[in-house]
$ cat structure-v3.pdb   # PDB, C-alpha atoms and all ligand atoms
ATOM      1  CA  MET D  15       0.682  19.536  30.553  1.00  0.00           C
ATOM      2  CA  SER D  16      -1.179  16.796  28.814  1.00  0.00           C
ATOM      3  CA  GLN D  17      -2.361  13.887  30.834  1.00  0.00           C
ATOM      4  CA  TYR D  18      -2.199  10.363  29.533  1.00  0.00           C
ATOM      5  CA  TYR D  19      -4.461   7.516  30.451  1.00  0.00           C
ATOM      6  CA  PRO D  20      -3.499   3.852  30.206  1.00  0.00           C
ATOM      7  CA  ILE D  21      -3.937   2.715  26.628  1.00  0.00           C
ATOM      8  CA  ASP D  22      -4.358  -0.842  25.470  1.00  0.00           C
ATOM      9  CA  THR D  23      -1.764  -0.656  22.696  1.00  0.00           C
ATOM     10  CA  SER D  24      -2.927  -3.905  21.157  1.00  0.00           C
ATOM     11  CA  SER D  25      -6.327  -2.439  20.475  1.00  0.00           C
ATOM     12  CA  SER D  26      -7.156  -0.772  17.223  1.00  0.00           C
ATOM     13  CA  LEU D  27     -10.188   0.083  15.271  1.00  0.00           C
ATOM     14  CA  ILE D  28     -10.561  -1.244  11.786  1.00  0.00           C
ATOM     15  CA  SER D  29     -13.273   0.043   9.546  1.00  0.00           C
ATOM     16  CA  PRO D  30     -15.301  -1.712   8.332  1.00  0.00           C
ATOM     17  CA  ASP D  31     -15.175  -4.498  10.880  1.00  0.00           C
ATOM     18  CA  ILE D  32     -15.467  -7.564   8.712  1.00  0.00           C
ATOM     19  CA  SER D  33     -13.894 -10.970   8.499  1.00  0.00           C
ATOM     20  CA  THR D  34     -11.935 -12.108   5.456  1.00  0.00           C
ATOM     21  CA  ASN D  35     -13.996 -15.213   4.920  1.00  0.00           C
ATOM     22  CA  ASN D  36     -17.020 -13.551   3.453  1.00  0.00           C
ATOM     23  CA  LEU D  37     -14.802 -11.324   1.333  1.00  0.00           C
ATOM     24  CA  GLN D  38     -12.932 -13.886  -0.718  1.00  0.00           C
ATOM     25  CA  PRO D  39     -13.138 -12.951  -4.394  1.00  0.00           C
ATOM     26  CA  THR D  40     -14.748 -15.823  -6.287  1.00  0.00           C
ATOM     27  CA  LYS D  41     -12.269 -15.595  -9.174  1.00  0.00           C
ATOM     28  CA  PRO D  42      -8.502 -15.378  -8.412  1.00  0.00           C
ATOM     29  CA  LEU D  43      -7.432 -11.751  -8.679  1.00  0.00           C
ATOM     30  CA  LYS D  44      -4.382 -11.095 -10.805  1.00  0.00           C
ATOM     31  CA  LEU D  45      -2.343  -8.581  -8.862  1.00  0.00           C
ATOM     32  CA  GLY D  46       0.496  -6.308  -9.862  1.00  0.00           C
ATOM     33  CA  VAL D  47       2.383  -4.870  -6.892  1.00  0.00           C
ATOM     34  CA  MET D  48       4.492  -1.700  -7.083  1.00  0.00           C
ATOM     35  CA  ALA D  49       7.086  -1.022  -4.377  1.00  0.00           C
ATOM     36  CA  SER D  50      10.134   1.191  -3.910  1.00  0.00           C
ATOM     37  CA  GLY D  51      11.711  -0.058  -0.699  1.00  0.00           C
ATOM     38  CA  ASN D  52      11.339  -2.574   2.081  1.00  0.00           C
ATOM     39  CA  GLY D  53       8.342  -4.456   0.712  1.00  0.00           C
ATOM     40  CA  SER D  54       6.791  -5.707   3.948  1.00  0.00           C
ATOM     41  CA  ASN D  55       3.342  -4.955   2.520  1.00  0.00           C
ATOM     42  CA  PHE D  56       4.201  -6.951  -0.603  1.00  0.00           C
ATOM     43  CA  ASP D  57       5.144  -9.809   1.695  1.00  0.00           C
ATOM     44  CA  VAL D  58       1.912  -9.809   3.696  1.00  0.00           C
ATOM     45  CA  VAL D  59      -0.139  -9.899   0.514  1.00  0.00           C
ATOM     46  CA  ALA D  60       1.923 -12.867  -0.706  1.00  0.00           C
ATOM     47  CA  GLN D  61       1.497 -14.508   2.702  1.00  0.00           C
ATOM     48  CA  ALA D  62      -2.278 -13.986   2.719  1.00  0.00           C
ATOM     49  CA  ILE D  63      -2.436 -15.655  -0.703  1.00  0.00           C
ATOM     50  CA  GLN D  64      -0.265 -18.546   0.480  1.00  0.00           C
ATOM     51  CA  GLU D  65      -2.496 -19.059   3.519  1.00  0.00           C
ATOM     52  CA  GLU D  66      -5.596 -18.893   1.290  1.00  0.00           C
ATOM     53  CA  ARG D  67      -6.946 -15.857   3.103  1.00  0.00           C
ATOM     54  CA  LEU D  68      -6.921 -14.043  -0.232  1.00  0.00           C
ATOM     55  CA  ASN D  69      -7.973 -15.614  -3.511  1.00  0.00           C
ATOM     56  CA  ALA D  70      -5.360 -13.988  -5.748  1.00  0.00           C
ATOM     57  CA  GLN D  71      -1.993 -14.392  -7.385  1.00  0.00           C
ATOM     58  CA  ILE D  72       0.790 -11.849  -7.706  1.00  0.00           C
ATOM     59  CA  GLN D  73       1.643 -11.717 -11.404  1.00  0.00           C
ATOM     60  CA  VAL D  74       4.538  -9.297 -11.030  1.00  0.00           C
ATOM     61  CA  LEU D  75       6.318  -6.943  -8.674  1.00  0.00           C
ATOM     62  CA  ILE D  76       7.449  -3.662 -10.243  1.00  0.00           C
ATOM     63  CA  TYR D  77      10.176  -1.798  -8.397  1.00  0.00           C
ATOM     64  CA  ASN D  78      11.985   1.421  -9.284  1.00  0.00           C
ATOM     65  CA  ASN D  79      14.948   1.312  -6.976  1.00  0.00           C
ATOM     66  CA  PRO D  80      17.690  -1.273  -7.744  1.00  0.00           C
ATOM     67  CA  SER D  81      18.404  -1.815  -4.039  1.00  0.00           C
ATOM     68  CA  ALA D  82      14.755  -2.304  -3.003  1.00  0.00           C
ATOM     69  CA  LYS D  83      14.438  -5.154  -0.512  1.00  0.00           C
ATOM     70  CA  ALA D  84      11.039  -5.832  -2.058  1.00  0.00           C
ATOM     71  CA  ALA D  85      12.851  -7.438  -5.018  1.00  0.00           C
ATOM     72  CA  VAL D  86      14.618  -9.880  -2.687  1.00  0.00           C
ATOM     73  CA  ARG D  87      11.296 -10.719  -1.032  1.00  0.00           C
ATOM     74  CA  ALA D  88       9.779 -11.365  -4.487  1.00  0.00           C
ATOM     75  CA  ALA D  89      12.641 -13.707  -5.402  1.00  0.00           C
ATOM     76  CA  ASN D  90      12.169 -15.581  -2.119  1.00  0.00           C
ATOM     77  CA  ARG D  91       8.503 -16.056  -2.922  1.00  0.00           C
ATOM     78  CA  GLY D  92       9.039 -17.015  -6.556  1.00  0.00           C
ATOM     79  CA  VAL D  93       7.311 -13.874  -7.848  1.00  0.00           C
ATOM     80  CA  GLU D  94       8.668 -12.282 -11.013  1.00  0.00           C
ATOM     81  CA  ALA D  95      10.125  -8.829 -10.395  1.00  0.00           C
ATOM     82  CA  VAL D  96      10.699  -6.137 -13.014  1.00  0.00           C
ATOM     83  CA  LEU D  97      12.983  -3.171 -12.362  1.00  0.00           C
ATOM     84  CA  LEU D  98      11.777   0.050 -13.986  1.00  0.00           C
ATOM     85  CA  ASN D  99      14.315   2.546 -12.748  1.00  0.00           C
ATOM     86  CA  HIS D 100      12.855   6.062 -12.799  1.00  0.00           C
ATOM     87  CA  ARG D 101      16.340   7.426 -13.543  1.00  0.00           C
ATOM     88  CA  ASP D 102      16.147   5.792 -16.977  1.00  0.00           C
ATOM     89  CA  TYR D 103      13.125   7.872 -17.995  1.00  0.00           C
ATOM     90  CA  LYS D 104      13.117  11.566 -18.895  1.00  0.00           C
ATOM     91  CA  LYS D 105       9.536  12.265 -17.874  1.00  0.00           C
ATOM     92  CA  ARG D 106       7.141  10.798 -15.327  1.00  0.00           C
ATOM     93  CA  GLU D 107       4.787   9.940 -18.209  1.00  0.00           C
ATOM     94  CA  ASP D 108       7.504   7.827 -19.852  1.00  0.00           C
ATOM     95  CA  LEU D 109       8.015   5.804 -16.680  1.00  0.00           C
ATOM     96  CA  ASP D 110       4.261   5.379 -16.273  1.00  0.00           C
ATOM     97  CA  ARG D 111       3.887   4.186 -19.880  1.00  0.00           C
ATOM     98  CA  ALA D 112       6.536   1.540 -19.203  1.00  0.00           C
ATOM     99  CA  ILE D 113       4.686   0.538 -16.015  1.00  0.00           C
ATOM    100  CA  VAL D 114       1.372   0.217 -17.874  1.00  0.00           C
ATOM    101  CA  LYS D 115       3.013  -1.892 -20.591  1.00  0.00           C
ATOM    102  CA  THR D 116       4.509  -4.224 -17.990  1.00  0.00           C
ATOM    103  CA  LEU D 117       1.262  -4.555 -16.024  1.00  0.00           C
ATOM    104  CA  GLN D 118      -0.601  -5.358 -19.244  1.00  0.00           C
ATOM    105  CA  GLN D 119       2.033  -7.886 -20.325  1.00  0.00           C
ATOM    106  CA  TYR D 120       1.526  -9.663 -17.025  1.00  0.00           C
ATOM    107  CA  ASN D 121      -2.233  -9.578 -17.413  1.00  0.00           C
ATOM    108  CA  VAL D 122      -2.805  -7.675 -14.172  1.00  0.00           C
ATOM    109  CA  ASP D 123      -6.328  -6.668 -13.202  1.00  0.00           C
ATOM    110  CA  LEU D 124      -5.674  -4.950  -9.856  1.00  0.00           C
ATOM    111  CA  VAL D 125      -2.652  -2.799  -9.039  1.00  0.00           C
ATOM    112  CA  ILE D 126      -1.384  -2.458  -5.460  1.00  0.00           C
ATOM    113  CA  MET D 127       0.888   0.459  -4.615  1.00  0.00           C
ATOM    114  CA  ALA D 128       2.666  -0.808  -1.541  1.00  0.00           C
ATOM    115  CA  GLY D 129       5.234   1.831  -0.694  1.00  0.00           C
ATOM    116  CA  TRP D 130       5.643   3.209  -4.229  1.00  0.00           C
ATOM    117  CA  MET D 131       7.517   6.458  -3.675  1.00  0.00           C
ATOM    118  CA  ARG D 132       6.953   8.151  -7.047  1.00  0.00           C
ATOM    119  CA  LEU D 133       4.221  10.554  -8.067  1.00  0.00           C
ATOM    120  CA  VAL D 134       2.075   9.051 -10.789  1.00  0.00           C
ATOM    121  CA  THR D 135       0.512  10.569 -13.900  1.00  0.00           C
ATOM    122  CA  GLN D 136      -2.813  10.231 -15.660  1.00  0.00           C
ATOM    123  CA  GLU D 137      -1.164   7.680 -18.001  1.00  0.00           C
ATOM    124  CA  LEU D 138      -1.234   5.082 -15.248  1.00  0.00           C
ATOM    125  CA  ILE D 139      -4.582   6.061 -13.744  1.00  0.00           C
ATOM    126  CA  ASP D 140      -6.397   5.961 -17.098  1.00  0.00           C
ATOM    127  CA  ALA D 141      -5.031   2.516 -17.913  1.00  0.00           C
ATOM    128  CA  PHE D 142      -6.541   0.982 -14.733  1.00  0.00           C
ATOM    129  CA  PRO D 143      -9.580   3.057 -13.793  1.00  0.00           C
ATOM    130  CA  ASP D 144     -10.550   2.399 -10.149  1.00  0.00           C
ATOM    131  CA  LYS D 145      -8.214  -0.578 -10.174  1.00  0.00           C
ATOM    132  CA  ILE D 146      -5.211   0.953  -8.428  1.00  0.00           C
ATOM    133  CA  ILE D 147      -5.049   1.042  -4.645  1.00  0.00           C
ATOM    134  CA  ASN D 148      -2.538   2.754  -2.401  1.00  0.00           C
ATOM    135  CA  ILE D 149      -1.607   2.340   1.252  1.00  0.00           C
ATOM    136  CA  HIS D 150      -0.628   5.376   3.311  1.00  0.00           C
ATOM    137  CA  PRO D 151       0.590   5.592   6.938  1.00  0.00           C
ATOM    138  CA  SER D 152      -1.953   8.089   8.288  1.00  0.00           C
ATOM    139  CA  LEU D 153      -5.677   8.460   8.713  1.00  0.00           C
ATOM    140  CA  LEU D 154      -6.334  10.338   5.485  1.00  0.00           C
ATOM    141  CA  PRO D 155      -7.203  13.062   4.718  1.00  0.00           C
ATOM    142  CA  SER D 156      -4.772  14.022   7.502  1.00  0.00           C
ATOM    143  CA  PHE D 157      -1.043  14.030   6.814  1.00  0.00           C
ATOM    144  CA  LYS D 158      -0.790  13.486   3.091  1.00  0.00           C
ATOM    145  CA  GLY D 159       2.537  13.164   1.351  1.00  0.00           C
ATOM    146  CA  VAL D 160       5.957  12.152   2.584  1.00  0.00           C
ATOM    147  CA  ARG D 161       6.892  11.738   6.258  1.00  0.00           C
ATOM    148  CA  ALA D 162       3.268  11.215   7.282  1.00  0.00           C
ATOM    149  CA  VAL D 163       4.267   9.642  10.605  1.00  0.00           C
ATOM    150  CA  GLU D 164       6.547  12.579  11.449  1.00  0.00           C
ATOM    151  CA  GLN D 165       3.741  14.961  10.472  1.00  0.00           C
ATOM    152  CA  ALA D 166       1.364  13.216  12.896  1.00  0.00           C
ATOM    153  CA  LEU D 167       3.904  13.429  15.736  1.00  0.00           C
ATOM    154  CA  ALA D 168       4.576  17.102  15.029  1.00  0.00           C
ATOM    155  CA  ALA D 169       0.846  17.858  15.044  1.00  0.00           C
ATOM    156  CA  GLY D 170       0.485  16.194  18.435  1.00  0.00           C
ATOM    157  CA  VAL D 171      -2.439  13.987  17.467  1.00  0.00           C
ATOM    158  CA  LYS D 172      -3.252  11.214  19.931  1.00  0.00           C
ATOM    159  CA  ILE D 173      -4.588   8.818  17.348  1.00  0.00           C
ATOM    160  CA  THR D 174      -3.243   8.170  13.871  1.00  0.00           C
ATOM    161  CA  GLY D 175      -3.279   5.071  11.679  1.00  0.00           C
ATOM    162  CA  CYS D 176      -3.270   3.917   8.107  1.00  0.00           C
ATOM    163  CA  THR D 177      -5.498   4.096   5.067  1.00  0.00           C
ATOM    164  CA  VAL D 178      -6.072   2.014   1.950  1.00  0.00           C
ATOM    165  CA  HIS D 179      -7.649   4.070  -0.807  1.00  0.00           C
ATOM    166  CA  LEU D 180      -8.252   4.176  -4.525  1.00  0.00           C
ATOM    167  CA  LEU D 181      -5.608   6.119  -6.396  1.00  0.00           C
ATOM    168  CA  ARG D 182      -6.346   9.515  -7.874  1.00  0.00           C
ATOM    169  CA  LEU D 183      -4.024  12.028  -9.513  1.00  0.00           C
ATOM    170  CA  GLU D 184      -3.875  14.251  -6.453  1.00  0.00           C
ATOM    171  CA  MET D 185      -1.476  12.632  -3.992  1.00  0.00           C
ATOM    172  CA  ASP D 186      -3.031  10.530  -1.208  1.00  0.00           C
ATOM    173  CA  SER D 187      -6.562  11.493  -2.175  1.00  0.00           C
ATOM    174  CA  GLY D 188      -9.222   9.201  -3.597  1.00  0.00           C
ATOM    175  CA  PRO D 189     -12.053   7.173  -2.107  1.00  0.00           C
ATOM    176  CA  ILE D 190     -11.135   5.488   1.169  1.00  0.00           C
ATOM    177  CA  LEU D 191     -11.572   1.723   1.249  1.00  0.00           C
ATOM    178  CA  MET D 192     -10.361   0.837   4.735  1.00  0.00           C
ATOM    179  CA  GLN D 193      -8.645   2.429   7.726  1.00  0.00           C
ATOM    180  CA  ALA D 194      -7.158   1.295  11.025  1.00  0.00           C
ATOM    181  CA  ALA D 195      -6.520   3.547  14.012  1.00  0.00           C
ATOM    182  CA  VAL D 196      -3.334   3.460  16.075  1.00  0.00           C
ATOM    183  CA  PRO D 197      -2.799   5.343  19.366  1.00  0.00           C
ATOM    184  CA  VAL D 198       0.188   7.674  19.636  1.00  0.00           C
ATOM    185  CA  LEU D 199       2.078   6.912  22.850  1.00  0.00           C
ATOM    186  CA  PRO D 200       3.859   9.563  24.937  1.00  0.00           C
ATOM    187  CA  ASP D 201       7.362   8.261  24.174  1.00  0.00           C
ATOM    188  CA  ASP D 202       6.790   7.475  20.522  1.00  0.00           C
ATOM    189  CA  THR D 203       9.436   8.248  17.958  1.00  0.00           C
ATOM    190  CA  ALA D 204       8.673   8.157  14.256  1.00  0.00           C
ATOM    191  CA  ALA D 205      10.229   4.683  14.161  1.00  0.00           C
ATOM    192  CA  THR D 206       8.213   3.171  17.035  1.00  0.00           C
ATOM    193  CA  LEU D 207       4.978   4.709  15.823  1.00  0.00           C
ATOM    194  CA  HIS D 208       5.570   3.645  12.222  1.00  0.00           C
ATOM    195  CA  ALA D 209       6.284   0.092  13.405  1.00  0.00           C
ATOM    196  CA  ARG D 210       2.872  -0.084  15.130  1.00  0.00           C
ATOM    197  CA  ILE D 211       1.166   1.504  12.124  1.00  0.00           C
ATOM    198  CA  GLN D 212       2.741  -1.135   9.909  1.00  0.00           C
ATOM    199  CA  ILE D 213       1.224  -3.922  12.011  1.00  0.00           C
ATOM    200  CA  GLN D 214      -2.172  -2.452  11.143  1.00  0.00           C
ATOM    201  CA  GLU D 215      -1.218  -1.899   7.480  1.00  0.00           C
ATOM    202  CA  HIS D 216      -0.443  -5.591   7.296  1.00  0.00           C
ATOM    203  CA  ARG D 217      -3.906  -6.406   8.643  1.00  0.00           C
ATOM    204  CA  ILE D 218      -5.951  -4.131   6.410  1.00  0.00           C
ATOM    205  CA  LEU D 219      -4.132  -4.380   3.059  1.00  0.00           C
ATOM    206  CA  PRO D 220      -5.145  -8.001   2.312  1.00  0.00           C
ATOM    207  CA  LEU D 221      -8.677  -7.249   3.583  1.00  0.00           C
ATOM    208  CA  ALA D 222      -9.015  -4.218   1.334  1.00  0.00           C
ATOM    209  CA  ILE D 223      -7.716  -6.141  -1.697  1.00  0.00           C
ATOM    210  CA  ALA D 224     -10.279  -8.860  -1.071  1.00  0.00           C
ATOM    211  CA  ALA D 225     -13.024  -6.292  -0.640  1.00  0.00           C
ATOM    212  CA  ILE D 226     -12.273  -4.462  -3.871  1.00  0.00           C
ATOM    213  CA  GLY D 227     -11.808  -7.740  -5.694  1.00  0.00           C
ATOM    214  CA  ASN D 228     -15.498  -8.410  -5.274  1.00  0.00           C
ATOM    215  CA  ARG D 229     -16.582  -5.219  -6.966  1.00  0.00           C
TER
HETATM  216  C1  LIG D 301       4.155   1.949   4.292  1.00  0.00           C
HETATM  217  O1  LIG D 301       4.176   2.564   5.547  1.00  0.00           O
HETATM  218  C2  LIG D 301       3.121   2.559   3.400  1.00  0.00           C
HETATM  219  O2  LIG D 301       2.023   3.052   4.081  1.00  0.00           O
HETATM  220  C3  LIG D 301       3.874   3.680   2.742  1.00  0.00           C
HETATM  221  O3  LIG D 301       5.169   3.183   2.542  1.00  0.00           O
HETATM  222  C4  LIG D 301       5.452   2.189   3.520  1.00  0.00           C
HETATM  223  C5  LIG D 301       5.894   0.954   2.801  1.00  0.00           C
HETATM  224  O4  LIG D 301       6.329  -0.040   3.689  1.00  0.00           O
HETATM  225  N1  LIG D 301       3.220   4.096   1.517  1.00  0.00           N
HETATM  226  P1  LIG D 301       6.876  -1.435   3.139  1.00  0.00           P
HETATM  227  O5  LIG D 301       7.917  -1.134   2.075  1.00  0.00           O
HETATM  228  O6  LIG D 301       5.719  -2.193   2.561  1.00  0.00           O
HETATM  229  O7  LIG D 301       7.470  -2.122   4.321  1.00  0.00           O
END
$ encode --input "structure-v3.pdb" --output "structure tokens"
Amino acid sequence: MSQYYPIDTSSSLISPDISTNNLQPTKPLKLGVMASGNGSNFDVVAQAIQEERLNAQIQVLIYNNPSAKAAVRAANRGVEAVLLNHRDYKKREDLDRAIVKTLQQYNVDLVIMAGWMRLVTQELIDAFPDKIINIHPSLLPSFKGVRAVEQALAAGVKITGCTVHLLRLEMDSGPILMQAAVPVLPDDTAATLHARIQIQEHRILPLAIAAIGNR
């Protein structure tokens, strides 16, 4: 039987350990955010900009699912939102070409995939080389793909977390920009664990955007 020791659940390890202040991009970054669902990560980026913790502006939100709450969040924040419904496109490449066109129309220089639940093609990657970042709810390279939190629970790991990385064609691969660790508690369900992972996602996503903005 495994033995558990008291864990300070508020503690987490963020790598690298840096403050936002010395990371502020000197020129406002023009962001395009892509989301499929809830959009809490979209919201924290918008909030960081509003609170001047991130020198950026969100040019556009692209969403693929008509009922995505992210679109409501965008409206509430006065951010333009464009629906590109994947069901309207025969091939993944066609959807990605439409995405690229929209991002270019909105003059985006950094693309944030914040819960974008579609596989992407080279069309998108080639249009923004090293300028697309993704957030994933595990400590990559562990637990790639869908249901990453469930995968971590099933594997019985005691620590998991979240990762911000540069996008590559292979799913959830690509150079890691920032990670935060989250302890798995004995009674965790996928929902409780994902909720604590999201708290850390919300901390590291604006930091990682600022960091890459300086490159
Ligand atoms: C996050 O857990 C992210 O890591 C994953 O999808 C989820 C999106 O959450 N890629 P939200 O829509 O930003 O709330």
$ axis_aligned_box --input "structure-v3.pdb" --around "range 101-119 of chain D" --padding-each-side "6 Å" --output "AutoDock Vina command-line options"
--center_x 7.9 --center_y 2.2 --center_z -17.1 --size_x 28.9 --size_y 32.2 --size_z 19.0
$ residues_around --input "structure-v3.pdb" --residues "Val163 in chain D" --least-positions-apart "2" --cutoff "7 Å" --atoms "all atoms listed in the file" --output "ChimeraX atom specification"
/D:151-152,161,165-167,204,208
$ write_last_selection --input "structure-v3.pdb" --atoms "C-alpha atoms" --output "compact mmCIF listing (two decimals), keeping the file's coordinate frame"
# COMPACT_ATOMS: atom_id res chain seq x y z
CA PRO D 151 0.59 5.59 6.94
CA SER D 152 -1.95 8.09 8.29
CA ARG D 161 6.89 11.74 6.26
CA GLN D 165 3.74 14.96 10.47
CA ALA D 166 1.36 13.22 12.90
CA LEU D 167 3.90 13.43 15.74
CA ALA D 204 8.67 8.16 14.26
CA HIS D 208 5.57 3.64 12.22
$ resolve_selection --input "structure-v3.pdb" --expression "the PyMOL selection byres (((chain D and resi 172) around 6) and not hetatm)" --output "ChimeraX atom specification"
/D:171,173,197-198
$ residues_near_ligand --input "structure-v3.pdb" --ligand "ligand LIG 301 (chain D)" --cutoff "6 Å" --atoms "all atoms listed in the file" --output "compact mmCIF listing (two decimals) with C-alpha atoms, keeping the file's coordinate frame"
# COMPACT_ATOMS: atom_id res chain seq x y z
CA GLY D 51 11.71 -0.06 -0.70
CA ASN D 52 11.34 -2.57 2.08
CA GLY D 53 8.34 -4.46 0.71
CA SER D 54 6.79 -5.71 3.95
CA ASN D 55 3.34 -4.96 2.52
CA PHE D 56 4.20 -6.95 -0.60
CA ALA D 128 2.67 -0.81 -1.54
CA GLY D 129 5.23 1.83 -0.69
CA ILE D 149 -1.61 2.34 1.25
CA HIS D 150 -0.63 5.38 3.31
CA PRO D 151 0.59 5.59 6.94
CA GLN D 212 2.74 -1.14 9.91
$ closest_residue --input "structure-v3.pdb" --among "D:Gln71, D:Ser50, D:Thr135, D:Ser156" --to "Thr174 in chain D" --atoms "all atoms listed in the file"
D:Ser156
$ resolve_selection --input "structure-v3.pdb" --expression "the PyMOL selection byres (((chain D and resi 217) around 10) and not hetatm)" --output "MDAnalysis selection string"
chainID D and resid 28 55 58:59 62 194 212:216 218:222
$ closest_residue --input "structure-v3.pdb" --among "D:Arg101, D:Arg67, D:Arg87, D:Arg132" --to "Asp186 in chain D" --atoms "all atoms listed in the file"
D:Arg132
$ residues_around --input "structure-v3.pdb" --residues "Leu183 in chain D" --least-positions-apart "4" --cutoff "8 Å" --atoms "all atoms listed in the file" --output "PyMOL selection string"
chain D and resi 134-136+139+187
$ write_last_selection --input "structure-v3.pdb" --atoms "C-alpha atoms" --output "compact mmCIF listing (two decimals), keeping the file's coordinate frame"
# COMPACT_ATOMS: atom_id res chain seq x y z
CA VAL D 134 2.08 9.05 -10.79
CA THR D 135 0.51 10.57 -13.90
CA GLN D 136 -2.81 10.23 -15.66
CA ILE D 139 -4.58 6.06 -13.74
CA SER D 187 -6.56 11.49 -2.17
$ resolve_selection --input "structure-v3.pdb" --expression "the PyMOL selection byres (((chain D and resi 122) around 10) and not hetatm)" --output "PyMOL selection string"
chain D and resi 43-47+71-74+114+116-121+123-125+142+145
$ atom_distance --input "structure-v3.pdb" --atom1 "CA of Glu107 in chain D" --atom2 "CA of Gly227 in chain D"
27.3 Å
$ residues_around --input "structure-v3.pdb" --residues "Met48 in chain D" --least-positions-apart "2" --cutoff "6 Å" --atoms "all atoms listed in the file" --output "CSV table (one decimal) with C-alpha atoms, in the coordinates of the input"
chain,number,residue,atom,x,y,z
D,75,LEU,CA,6.3,-6.9,-8.7
D,76,ILE,CA,7.4,-3.7,-10.2
D,77,TYR,CA,10.2,-1.8,-8.4
D,127,MET,CA,0.9,0.5,-4.6
D,128,ALA,CA,2.7,-0.8,-1.5
D,130,TRP,CA,5.6,3.2,-4.2
$ atom_distance --input "structure-v3.pdb" --atom1 "CA of Leu181 in chain D" --atom2 "CA of Leu207 in chain D"
24.7 Å
$ atom_distance --input "structure-v3.pdb" --atom1 "CA of Ala49 in chain D" --atom2 "CA of Gln64 in chain D"
19.6 Å
$ closest_residue --input "structure-v3.pdb" --among "D:Ile146, D:Ile63, D:Ile211, D:Ala205" --to "Pro39 in chain D" --atoms "only C-alpha atoms"
D:Ile63
$ closest_residue --input "structure-v3.pdb" --among "D:Val196, D:Ala82, D:Ala95, D:Ile147" --to "Arg182 in chain D" --atoms "all atoms listed in the file"
D:Ile147
$ closest_residue --input "structure-v3.pdb" --among "D:Pro189, D:Pro200, D:Lys41, D:Asn148" --to "Cys176 in chain D" --atoms "all atoms listed in the file"
D:Asn148
$ closest_residue --input "structure-v3.pdb" --among "D:Thr203, D:Asn78, D:Gln61, D:Asn69" --to "Ala224 in chain D" --atoms "all atoms listed in the file"
D:Asn69
